[in-house]
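Chemist: What follows is the file run_31.pdb, containing PDB, N, CA and C atoms:
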```pdb
ATOM      1  N   MET A   1      -1.206  -7.832  -4.854
ATOM      2  CA  MET A   1       0.056  -7.893  -5.542
ATOM      3  C   MET A   1       1.095  -8.605  -4.693
ATOM      4  N   GLY A   2       1.101  -8.371  -3.391
ATOM      5  CA  GLY A   2       2.088  -9.018  -2.536
ATOM      6  C   GLY A   2       1.832 -10.504  -2.392
ATOM      7  N   CYS A   3       0.575 -10.870  -2.102
ATOM      8  CA  CYS A   3       0.251 -12.280  -1.866
ATOM      9  C   CYS A   3      -0.490 -12.916  -3.036
ATOM     10  N   ARG A   4      -0.859 -12.123  -4.017
ATOM     11  CA  ARG A   4      -1.521 -12.578  -5.235
ATOM     12  C   ARG A   4      -2.959 -13.049  -5.048
ATOM     13  N   GLN A   5      -3.563 -12.804  -3.888
ATOM     14  CA  GLN A   5      -4.978 -13.109  -3.701
ATOM     15  C   GLN A   5      -5.797 -11.977  -4.318
ATOM     16  N   VAL A   6      -7.007 -12.298  -4.747
ATOM     17  CA  VAL A   6      -7.847 -11.318  -5.407
ATOM     18  C   VAL A   6      -8.981 -10.904  -4.477
ATOM     19  N   LEU A   7      -9.156  -9.597  -4.336
ATOM     20  CA  LEU A   7     -10.267  -9.010  -3.582
ATOM     21  C   LEU A   7     -10.766  -7.803  -4.360
ATOM     22  N   ALA A   8     -11.914  -7.294  -3.966
ATOM     23  CA  ALA A   8     -12.436  -6.072  -4.582
ATOM     24  C   ALA A   8     -11.496  -4.907  -4.271
ATOM     25  N   LYS A   9     -11.397  -3.950  -5.186
ATOM     26  CA  LYS A   9     -10.509  -2.801  -4.999
ATOM     27  C   LYS A   9     -10.790  -2.073  -3.694
ATOM     28  N   ARG A  10     -12.042  -1.976  -3.311
ATOM     29  CA  ARG A  10     -12.400  -1.261  -2.089
ATOM     30  C   ARG A  10     -11.829  -1.922  -0.840
ATOM     31  N   ALA A  11     -11.499  -3.198  -0.921
ATOM     32  CA  ALA A  11     -10.944  -3.917   0.218
ATOM     33  C   ALA A  11      -9.421  -3.832   0.251
ATOM     34  N   LEU A  12      -8.823  -3.176  -0.729
ATOM     35  CA  LEU A  12      -7.374  -3.092  -0.846
ATOM     36  C   LEU A  12      -6.889  -1.669  -0.583
ATOM     37  N   VAL A  13      -5.602  -1.544  -0.330
ATOM     38  CA  VAL A  13      -4.973  -0.239  -0.130
ATOM     39  C   VAL A  13      -4.213   0.102  -1.406
ATOM     40  N   ARG A  14      -4.474   1.280  -1.958
ATOM     41  CA  ARG A  14      -3.802   1.703  -3.192
ATOM     42  C   ARG A  14      -2.577   2.528  -2.854
ATOM     43  N   ILE A  15      -1.471   2.204  -3.493
ATOM     44  CA  ILE A  15      -0.244   2.993  -3.407
ATOM     45  C   ILE A  15      -0.046   3.590  -4.787
ATOM     46  N   VAL A  16       0.193   4.879  -4.836
ATOM     47  CA  VAL A  16       0.335   5.557  -6.113
ATOM     48  C   VAL A  16       1.737   6.153  -6.220
ATOM     49  N   ARG A  17       2.298   6.080  -7.412
ATOM     50  CA  ARG A  17       3.613   6.680  -7.676
ATOM     51  C   ARG A  17       3.413   8.147  -8.009
ATOM     52  N   THR A  18       4.118   9.012  -7.298
ATOM     53  CA  THR A  18       4.066  10.448  -7.565
ATOM     54  C   THR A  18       5.489  10.937  -7.793
ATOM     55  N   GLU A  19       5.627  12.193  -8.153
ATOM     56  CA  GLU A  19       6.968  12.763  -8.344
ATOM     57  C   GLU A  19       7.744  12.785  -7.034
ATOM     58  N   GLU A  20       7.027  12.894  -5.911
ATOM     59  CA  GLU A  20       7.678  12.924  -4.600
ATOM     60  C   GLU A  20       7.972  11.526  -4.067
ATOM     61  N   GLY A  21       7.503  10.511  -4.760
ATOM     62  CA  GLY A  21       7.683   9.136  -4.316
ATOM     63  C   GLY A  21       6.339   8.479  -4.094
ATOM     64  N   PRO A  22       6.330   7.228  -3.663
ATOM     65  CA  PRO A  22       5.055   6.535  -3.463
ATOM     66  C   PRO A  22       4.313   7.104  -2.258
ATOM     67  N   ARG A  23       2.987   7.095  -2.351
ATOM     68  CA  ARG A  23       2.170   7.493  -1.211
ATOM     69  C   ARG A  23       0.917   6.640  -1.200
ATOM     70  N   VAL A  24       0.311   6.528  -0.028
ATOM     71  CA  VAL A  24      -0.920   5.778   0.114
ATOM     72  C   VAL A  24      -2.057   6.670  -0.375
ATOM     73  N   ASP A  25      -2.933   6.107  -1.181
ATOM     74  CA  ASP A  25      -4.047   6.842  -1.767
ATOM     75  C   ASP A  25      -5.361   6.333  -1.167
ATOM     76  N   PRO A  26      -5.839   6.951  -0.076
ATOM     77  CA  PRO A  26      -7.059   6.458   0.569
ATOM     78  C   PRO A  26      -8.310   6.632  -0.292
ATOM     79  N   THR A  27      -8.300   7.552  -1.244
ATOM     80  CA  THR A  27      -9.474   7.770  -2.091
ATOM     81  C   THR A  27      -9.509   6.818  -3.277
ATOM     82  N   GLY A  28      -8.337   6.315  -3.673
ATOM     83  CA  GLY A  28      -8.264   5.459  -4.856
ATOM     84  C   GLY A  28      -8.395   6.227  -6.151
ATOM     85  N   LYS A  29      -8.314   7.564  -6.074
ATOM     86  CA  LYS A  29      -8.540   8.388  -7.257
ATOM     87  C   LYS A  29      -7.366   9.286  -7.607
ATOM     88  N   ALA A  30      -6.287   9.225  -6.872
ATOM     89  CA  ALA A  30      -5.145  10.103  -7.145
ATOM     90  C   ALA A  30      -4.541   9.766  -8.503
ATOM     91  N   ALA A  31      -4.077  10.797  -9.189
ATOM     92  CA  ALA A  31      -3.450  10.597 -10.492
ATOM     93  C   ALA A  31      -2.100   9.922 -10.314
ATOM     94  N   GLY A  32      -1.776   9.056 -11.219
ATOM     95  CA  GLY A  32      -0.484   8.381 -11.190
ATOM     96  C   GLY A  32      -0.644   6.876 -11.259
ATOM     97  N   ARG A  33       0.465   6.226 -11.521
ATOM     98  CA  ARG A  33       0.458   4.768 -11.611
ATOM     99  C   ARG A  33       0.232   4.192 -10.223
ATOM    100  N   GLY A  34      -0.695   3.262 -10.110
ATOM    101  CA  GLY A  34      -1.040   2.712  -8.806
ATOM    102  C   GLY A  34      -0.852   1.211  -8.727
ATOM    103  N   ALA A  35      -0.772   0.736  -7.507
ATOM    104  CA  ALA A  35      -0.701  -0.686  -7.212
ATOM    105  C   ALA A  35      -1.521  -0.928  -5.955
ATOM    106  N   TYR A  36      -2.031  -2.141  -5.799
ATOM    107  CA  TYR A  36      -2.913  -2.456  -4.681
ATOM    108  C   TYR A  36      -2.321  -3.562  -3.825
ATOM    109  N   LEU A  37      -2.462  -3.391  -2.507
ATOM    110  CA  LEU A  37      -2.040  -4.404  -1.536
ATOM    111  C   LEU A  37      -3.171  -4.618  -0.539
ATOM    112  N   HIS A  38      -3.243  -5.835   0.013
ATOM    113  CA  HIS A  38      -4.183  -6.078   1.103
ATOM    114  C   HIS A  38      -3.765  -5.250   2.307
ATOM    115  N   ALA A  39      -4.691  -4.984   3.170
ATOM    116  CA  ALA A  39      -4.404  -4.209   4.376
ATOM    117  C   ALA A  39      -3.889  -5.146   5.478
ATOM    118  N   LEU A  40      -2.864  -5.915   5.134
ATOM    119  CA  LEU A  40      -2.219  -6.850   6.066
ATOM    120  C   LEU A  40      -0.711  -6.670   5.991
ATOM    121  N   ARG A  41      -0.072  -6.706   7.145
ATOM    122  CA  ARG A  41       1.391  -6.550   7.162
ATOM    123  C   ARG A  41       2.089  -7.607   6.324
ATOM    124  N   SER A  42       1.619  -8.841   6.383
ATOM    125  CA  SER A  42       2.287  -9.919   5.641
ATOM    126  C   SER A  42       2.284  -9.644   4.138
ATOM    127  N   CYS A  43       1.202  -9.100   3.626
ATOM    128  CA  CYS A  43       1.119  -8.779   2.203
ATOM    129  C   CYS A  43       2.077  -7.630   1.865
ATOM    130  N   TRP A  44       2.138  -6.619   2.737
ATOM    131  CA  TRP A  44       3.026  -5.475   2.504
ATOM    132  C   TRP A  44       4.489  -5.909   2.569
ATOM    133  N   GLU A  45       4.814  -6.814   3.492
ATOM    134  CA  GLU A  45       6.202  -7.297   3.583
ATOM    135  C   GLU A  45       6.617  -7.958   2.277
ATOM    136  N   LYS A  46       5.730  -8.776   1.722
ATOM    137  CA  LYS A  46       6.022  -9.422   0.439
ATOM    138  C   LYS A  46       6.128  -8.386  -0.678
ATOM    139  N   GLY A  47       5.225  -7.424  -0.687
ATOM    140  CA  GLY A  47       5.223  -6.394  -1.723
ATOM    141  C   GLY A  47       6.474  -5.531  -1.701
ATOM    142  N   LEU A  48       6.970  -5.223  -0.509
ATOM    143  CA  LEU A  48       8.159  -4.372  -0.394
ATOM    144  C   LEU A  48       9.443  -5.084  -0.800
ATOM    145  N   LYS A  49       9.395  -6.399  -0.958
ATOM    146  CA  LYS A  49      10.581  -7.144  -1.382
ATOM    147  C   LYS A  49      10.853  -6.992  -2.877
ATOM    148  N   GLY A  50       9.914  -6.422  -3.624
ATOM    149  CA  GLY A  50      10.166  -6.245  -5.049
ATOM    150  C   GLY A  50       8.939  -6.043  -5.905
ATOM    151  N   PRO A  51       7.852  -6.795  -5.643
ATOM    152  CA  PRO A  51       6.687  -6.655  -6.527
ATOM    153  C   PRO A  51       6.091  -5.250  -6.560
ATOM    154  N   LEU A  52       6.134  -4.517  -5.461
ATOM    155  CA  LEU A  52       5.562  -3.173  -5.445
ATOM    156  C   LEU A  52       6.336  -2.249  -6.374
ATOM    157  N   ALA A  53       7.644  -2.260  -6.289
ATOM    158  CA  ALA A  53       8.474  -1.420  -7.159
ATOM    159  C   ALA A  53       8.235  -1.782  -8.625
ATOM    160  N   TYR A  54       8.119  -3.069  -8.910
ATOM    161  CA  TYR A  54       7.878  -3.525 -10.270
ATOM    162  C   TYR A  54       6.520  -3.028 -10.771
ATOM    163  N   ALA A  55       5.492  -3.148  -9.933
ATOM    164  CA  ALA A  55       4.147  -2.722 -10.326
ATOM    165  C   ALA A  55       4.077  -1.210 -10.547
ATOM    166  N   LEU A  56       4.809  -0.455  -9.726
ATOM    167  CA  LEU A  56       4.808   1.000  -9.866
ATOM    168  C   LEU A  56       5.796   1.476 -10.926
ATOM    169  N   LYS A  57       6.582   0.538 -11.465
ATOM    170  CA  LYS A  57       7.612   0.848 -12.468
ATOM    171  C   LYS A  57       8.547   1.952 -11.985
ATOM    172  N   THR A  58       9.075   1.728 -10.790
ATOM    173  CA  THR A  58       9.998   2.682 -10.188
ATOM    174  C   THR A  58      10.928   1.948  -9.244
ATOM    175  N   GLU A  59      11.962   2.622  -8.838
ATOM    176  CA  GLU A  59      12.885   2.098  -7.839
ATOM    177  C   GLU A  59      12.495   2.716  -6.503
ATOM    178  N   LEU A  60      12.274   1.886  -5.496
ATOM    179  CA  LEU A  60      11.939   2.403  -4.173
ATOM    180  C   LEU A  60      13.227   2.721  -3.420
ATOM    181  N   THR A  61      13.366   3.975  -3.028
ATOM    182  CA  THR A  61      14.539   4.376  -2.256
ATOM    183  C   THR A  61      14.331   3.955  -0.803
ATOM    184  N   GLU A  62      15.377   4.026  -0.002
ATOM    185  CA  GLU A  62      15.242   3.669   1.412
ATOM    186  C   GLU A  62      14.255   4.589   2.126
ATOM    187  N   PRO A  63      14.261   5.917   1.869
ATOM    188  CA  PRO A  63      13.219   6.755   2.490
ATOM    189  C   PRO A  63      11.795   6.358   2.052
ATOM    190  N   ASP A  64      11.639   5.948   0.784
ATOM    191  CA  ASP A  64      10.337   5.476   0.311
ATOM    192  C   ASP A  64       9.913   4.232   1.098
ATOM    193  N   ARG A  65      10.838   3.302   1.240
ATOM    194  CA  ARG A  65      10.541   2.065   1.963
ATOM    195  C   ARG A  65      10.199   2.355   3.426
ATOM    196  N   GLU A  66      10.931   3.269   4.032
ATOM    197  CA  GLU A  66      10.676   3.611   5.432
ATOM    198  C   GLU A  66       9.287   4.231   5.580
ATOM    199  N   PHE A  67       8.903   5.112   4.662
ATOM    200  CA  PHE A  67       7.574   5.711   4.680
ATOM    201  C   PHE A  67       6.498   4.625   4.592
ATOM    202  N   LEU A  68       6.679   3.679   3.682
ATOM    203  CA  LEU A  68       5.706   2.602   3.518
ATOM    204  C   LEU A  68       5.707   1.665   4.717
ATOM    205  N   ARG A  69       6.866   1.422   5.321
ATOM    206  CA  ARG A  69       6.936   0.587   6.526
ATOM    207  C   ARG A  69       6.191   1.235   7.694
ATOM    208  N   MET A  70       6.259   2.560   7.794
ATOM    209  CA  MET A  70       5.542   3.257   8.864
ATOM    210  C   MET A  70       4.034   3.045   8.707
ATOM    211  N   PHE A  71       3.534   3.108   7.492
ATOM    212  CA  PHE A  71       2.112   2.843   7.257
ATOM    213  C   PHE A  71       1.814   1.373   7.545
ATOM    214  N   MET A  72       2.690   0.486   7.100
ATOM    215  CA  MET A  72       2.509  -0.948   7.275
ATOM    216  C   MET A  72       2.428  -1.322   8.753
ATOM    217  N   ALA A  73       3.161  -0.623   9.611
ATOM    218  CA  ALA A  73       3.184  -0.938  11.035
ATOM    219  C   ALA A  73       1.810  -0.772  11.680
ATOM    220  N   ARG A  74       0.941   0.032  11.084
ATOM    221  CA  ARG A  74      -0.406   0.245  11.629
ATOM    222  C   ARG A  74      -1.394  -0.821  11.182
ATOM    223  N   LEU A  75      -0.993  -1.683  10.274
ATOM    224  CA  LEU A  75      -1.890  -2.694   9.726
ATOM    225  C   LEU A  75      -1.892  -3.947  10.596
ATOM    226  N   PRO A  76      -2.992  -4.719  10.563
ATOM    227  CA  PRO A  76      -3.041  -5.966  11.333
ATOM    228  C   PRO A  76      -2.123  -7.026  10.739
ATOM    229  N   ASP A  77      -1.703  -7.959  11.606
ATOM    230  CA  ASP A  77      -0.864  -9.067  11.141
ATOM    231  C   ASP A  77      -1.648 -10.011  10.236
ATOM    232  N   GLU A  78      -2.823 -10.401  10.672
ATOM    233  CA  GLU A  78      -3.663 -11.306   9.897
ATOM    234  C   GLU A  78      -5.116 -10.920  10.087
ATOM    235  N   ALA A  79      -5.967 -11.323   9.148
ATOM    236  CA  ALA A  79      -7.399 -11.044   9.267
ATOM    237  C   ALA A  79      -8.175 -12.012   8.394
ATOM    238  N   ASP A  80      -9.420 -12.157   8.706
ATOM    239  CA  ASP A  80     -10.318 -12.922   7.848
ATOM    240  C   ASP A  80     -10.655 -12.072   6.634
ATOM    241  N   GLU A  81     -11.084 -12.691   5.561
ATOM    242  CA  GLU A  81     -11.459 -11.932   4.372
ATOM    243  C   GLU A  81     -12.562 -10.924   4.690
ATOM    244  N   ALA A  82     -13.477 -11.276   5.597
ATOM    245  CA  ALA A  82     -14.551 -10.351   5.963
ATOM    246  C   ALA A  82     -13.973  -9.112   6.634
ATOM    247  N   ASP A  83     -12.920  -9.290   7.441
ATOM    248  CA  ASP A  83     -12.288  -8.155   8.110
ATOM    249  C   ASP A  83     -11.571  -7.257   7.117
ATOM    250  N   LEU A  84     -11.003  -7.819   6.056
ATOM    251  CA  LEU A  84     -10.254  -7.031   5.088
ATOM    252  C   LEU A  84     -11.127  -5.971   4.432
ATOM    253  N   ALA A  85     -12.378  -6.281   4.212
ATOM    254  CA  ALA A  85     -13.265  -5.328   3.565
ATOM    255  C   ALA A  85     -13.511  -4.106   4.443
ATOM    256  N   GLU A  86     -13.307  -4.243   5.748
ATOM    257  CA  GLU A  86     -13.565  -3.140   6.664
ATOM    258  C   GLU A  86     -12.336  -2.294   6.931
ATOM    259  N   VAL A  87     -11.144  -2.764   6.626
ATOM    260  CA  VAL A  87      -9.922  -2.020   6.897
ATOM    261  C   VAL A  87      -9.691  -1.035   5.773
ATOM    262  N   LYS A  88      -9.693   0.234   6.111
ATOM    263  CA  LYS A  88      -9.473   1.271   5.110
ATOM    264  C   LYS A  88      -8.431   2.234   5.648
ATOM    265  N   PRO A  89      -7.526   2.694   4.819
ATOM    266  CA  PRO A  89      -6.545   3.669   5.288
ATOM    267  C   PRO A  89      -7.232   4.981   5.611
ATOM    268  N   ASP A  90      -6.788   5.616   6.679
ATOM    269  CA  ASP A  90      -7.349   6.924   7.003
ATOM    270  C   ASP A  90      -6.456   8.012   6.421
ATOM    271  N   GLN A  91      -6.835   9.230   6.619
ATOM    272  CA  GLN A  91      -6.061  10.338   6.067
ATOM    273  C   GLN A  91      -4.715  10.484   6.756
ATOM    274  N   GLU A  92      -4.644  10.180   8.061
ATOM    275  CA  GLU A  92      -3.386  10.323   8.781
ATOM    276  C   GLU A  92      -2.391   9.288   8.269
ATOM    277  N   GLY A  93      -1.227   9.722   7.903
ATOM    278  CA  GLY A  93      -0.197   8.828   7.406
ATOM    279  C   GLY A  93      -0.323   8.511   5.928
ATOM    280  N   ALA A  94      -1.386   8.965   5.313
ATOM    281  CA  ALA A  94      -1.579   8.667   3.903
ATOM    282  C   ALA A  94      -0.744   9.574   3.013
ATOM    283  N   GLU A  95      -0.466  10.752   3.469
ATOM    284  CA  GLU A  95       0.318  11.686   2.686
ATOM    285  C   GLU A  95       1.774  11.654   3.133
ATOM    286  N   ARG A  96       2.655  11.813   2.207
ATOM    287  CA  ARG A  96       4.075  11.873   2.539
ATOM    288  C   ARG A  96       4.343  13.192   3.249
ATOM    289  N   PRO A  97       5.032  13.145   4.416
ATOM    290  CA  PRO A  97       5.360  14.403   5.098
ATOM    291  C   PRO A  97       6.326  15.231   4.276
ATOM    292  N   MET A  98       6.144  16.522   4.307
ATOM    293  CA  MET A  98       7.009  17.428   3.530
ATOM    294  C   MET A  98       8.307  17.680   4.236
TER     295      MET A  98
END
```
The structure in this file should be written as structure tokens.
Modeler:
Amino acid sequence: MGCRQVLAKRALVRIVRTEEGPRVDPTGKAAGRGAYLHALRSCWEKGLKGPLAYALKTELTEPDREFLRMFMARLPDEADEADLAEVKPDQEGAERPM
């Protein structure tokens, strides 16, 4: 969604809209409206400028953006397509802290 390149869903990171705000969905099965981004900082930077909010049909608040930026900081700057298939979000940082 951020860079508009197409990859298999398993190679992408799913962000799901919940009542508490957006969260990273490492299973890809959480209920709610979802959007997919590559596991690259450059793609997330583009997505956070507007396309992510549009895809999730919600307004991203500053705390929402900060939460997503914290996850984004753990992602690589660039990678080969072969590397993208291996990058998967882990459980740590995937849930919004209470």
Chemist: Written as a VMD selection string, which residues does the PyMOL selection byres ((chain A and resi 76) around 5) give for the file shown?
Modeler: chain A and resid 40 to 41 74 to 75 77 to 78
Chemist: Please write the residues picked by the PyMOL selection byres ((chain A and resi 12) around 6.5) on this file as a list in words.
Modeler: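 Selected by the PyMOL selection byres ((chain A and resi 12) around 6.5) here: Leu7, Ala8, Lys9, Arg10, Ala11, Val13, Arg14, Tyr36, Leu37, His38, Ala39 and Leu84 of chain A.
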Chemist: One decimal, Å: what's the distance from CA of Tyr54 (chain A) over to CA of Pro22 (chain A), could you say?
Modeler: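 According to the coordinates, CA of Tyr54 (chain A) and CA of Pro22 (chain A) are separated by 12.5 Å.
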Chemist: Can you tell me how far atom N of Gly28 (chain A) sits from CA of Thr61 (chain A), in Å to one decimal?
Modeler: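 Interatomic distance here is 23.0 Å.
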Chemist: Tell me, in Å to one decimal, how far atom N of Thr58 (chain A) is from atom C of Lys29 (chain A).
Modeler: 18.4 Å
Chemist: Out of A:Leu52, A:Leu60, A:Ala73, A:Cys43, which residue has the shortest atom-to-atom distance to Gln5 (chain A) when counting only C-alpha atoms?
Modeler: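 Smallest separation from Gln5 (chain A) among the options: A:Cys43.
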Chemist: How would you write, as a count of residues only, the set of residues in region 21-86 of chain A that DSSP gives as strand (DSSP E or B)?
Modeler: 10
Chemist: Go through A:Ala53, A:Ala35, A:Met70, A:Leu48 and flag the residue nearest Ile15 (chain A), using only N, CA and C atoms for the distances.
Modeler: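 Closest candidate: A:Ala35.
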Chemist: May I ask which of the residues A:Gly47, A:Gly34, A:Arg4, A:Thr18 is the closest one to Leu68 (chain A), counting only C-alpha atoms?
Modeler: A:Gly47
Chemist: Nearest to Arg69 (chain A) among A:Val16, A:Lys57, A:Cys3, A:Trp44, with distances taken over all atoms listed in the file: which residue is it?
Modeler: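 Comparing A:Val16, A:Lys57, A:Cys3, A:Trp44 against Arg69 (chain A), the winner is A:Trp44.
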Chemist: Which of these residues is nearest to Ala55 (chain A), using all atoms listed in the file: A:Arg33, A:Asp25, A:Glu19, A:Ser42?
Modeler: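 Ranking A:Arg33, A:Asp25, A:Glu19, A:Ser42 by distance to Ala55 (chain A), first place goes to A:Arg33.
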Chemist: Go through A:Val6, A:Asp64, A:Met72, A:Glu20 one by one, measure the shortest atom-to-atom distance of each to Lys46 (chain A) using only C-alpha atoms, and give the residue with the smallest value.
Modeler: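 Ranking A:Val6, A:Asp64, A:Met72, A:Glu20 by distance to Lys46 (chain A), first place goes to A:Met72.
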Chemist: Centre and edge lengths, as lines of an AutoDock Vina configuration file, for the axis-aligned box enclosing every listed atom of region 24-29 of chain A with 4 Å of padding on each of the six sides, in Å to one decimal?
Modeler:
```
center_x = -4.6
center_y = 7.4
center_z = -3.5
size_x = 17.8
size_y = 11.8
size_z = 16.2
```
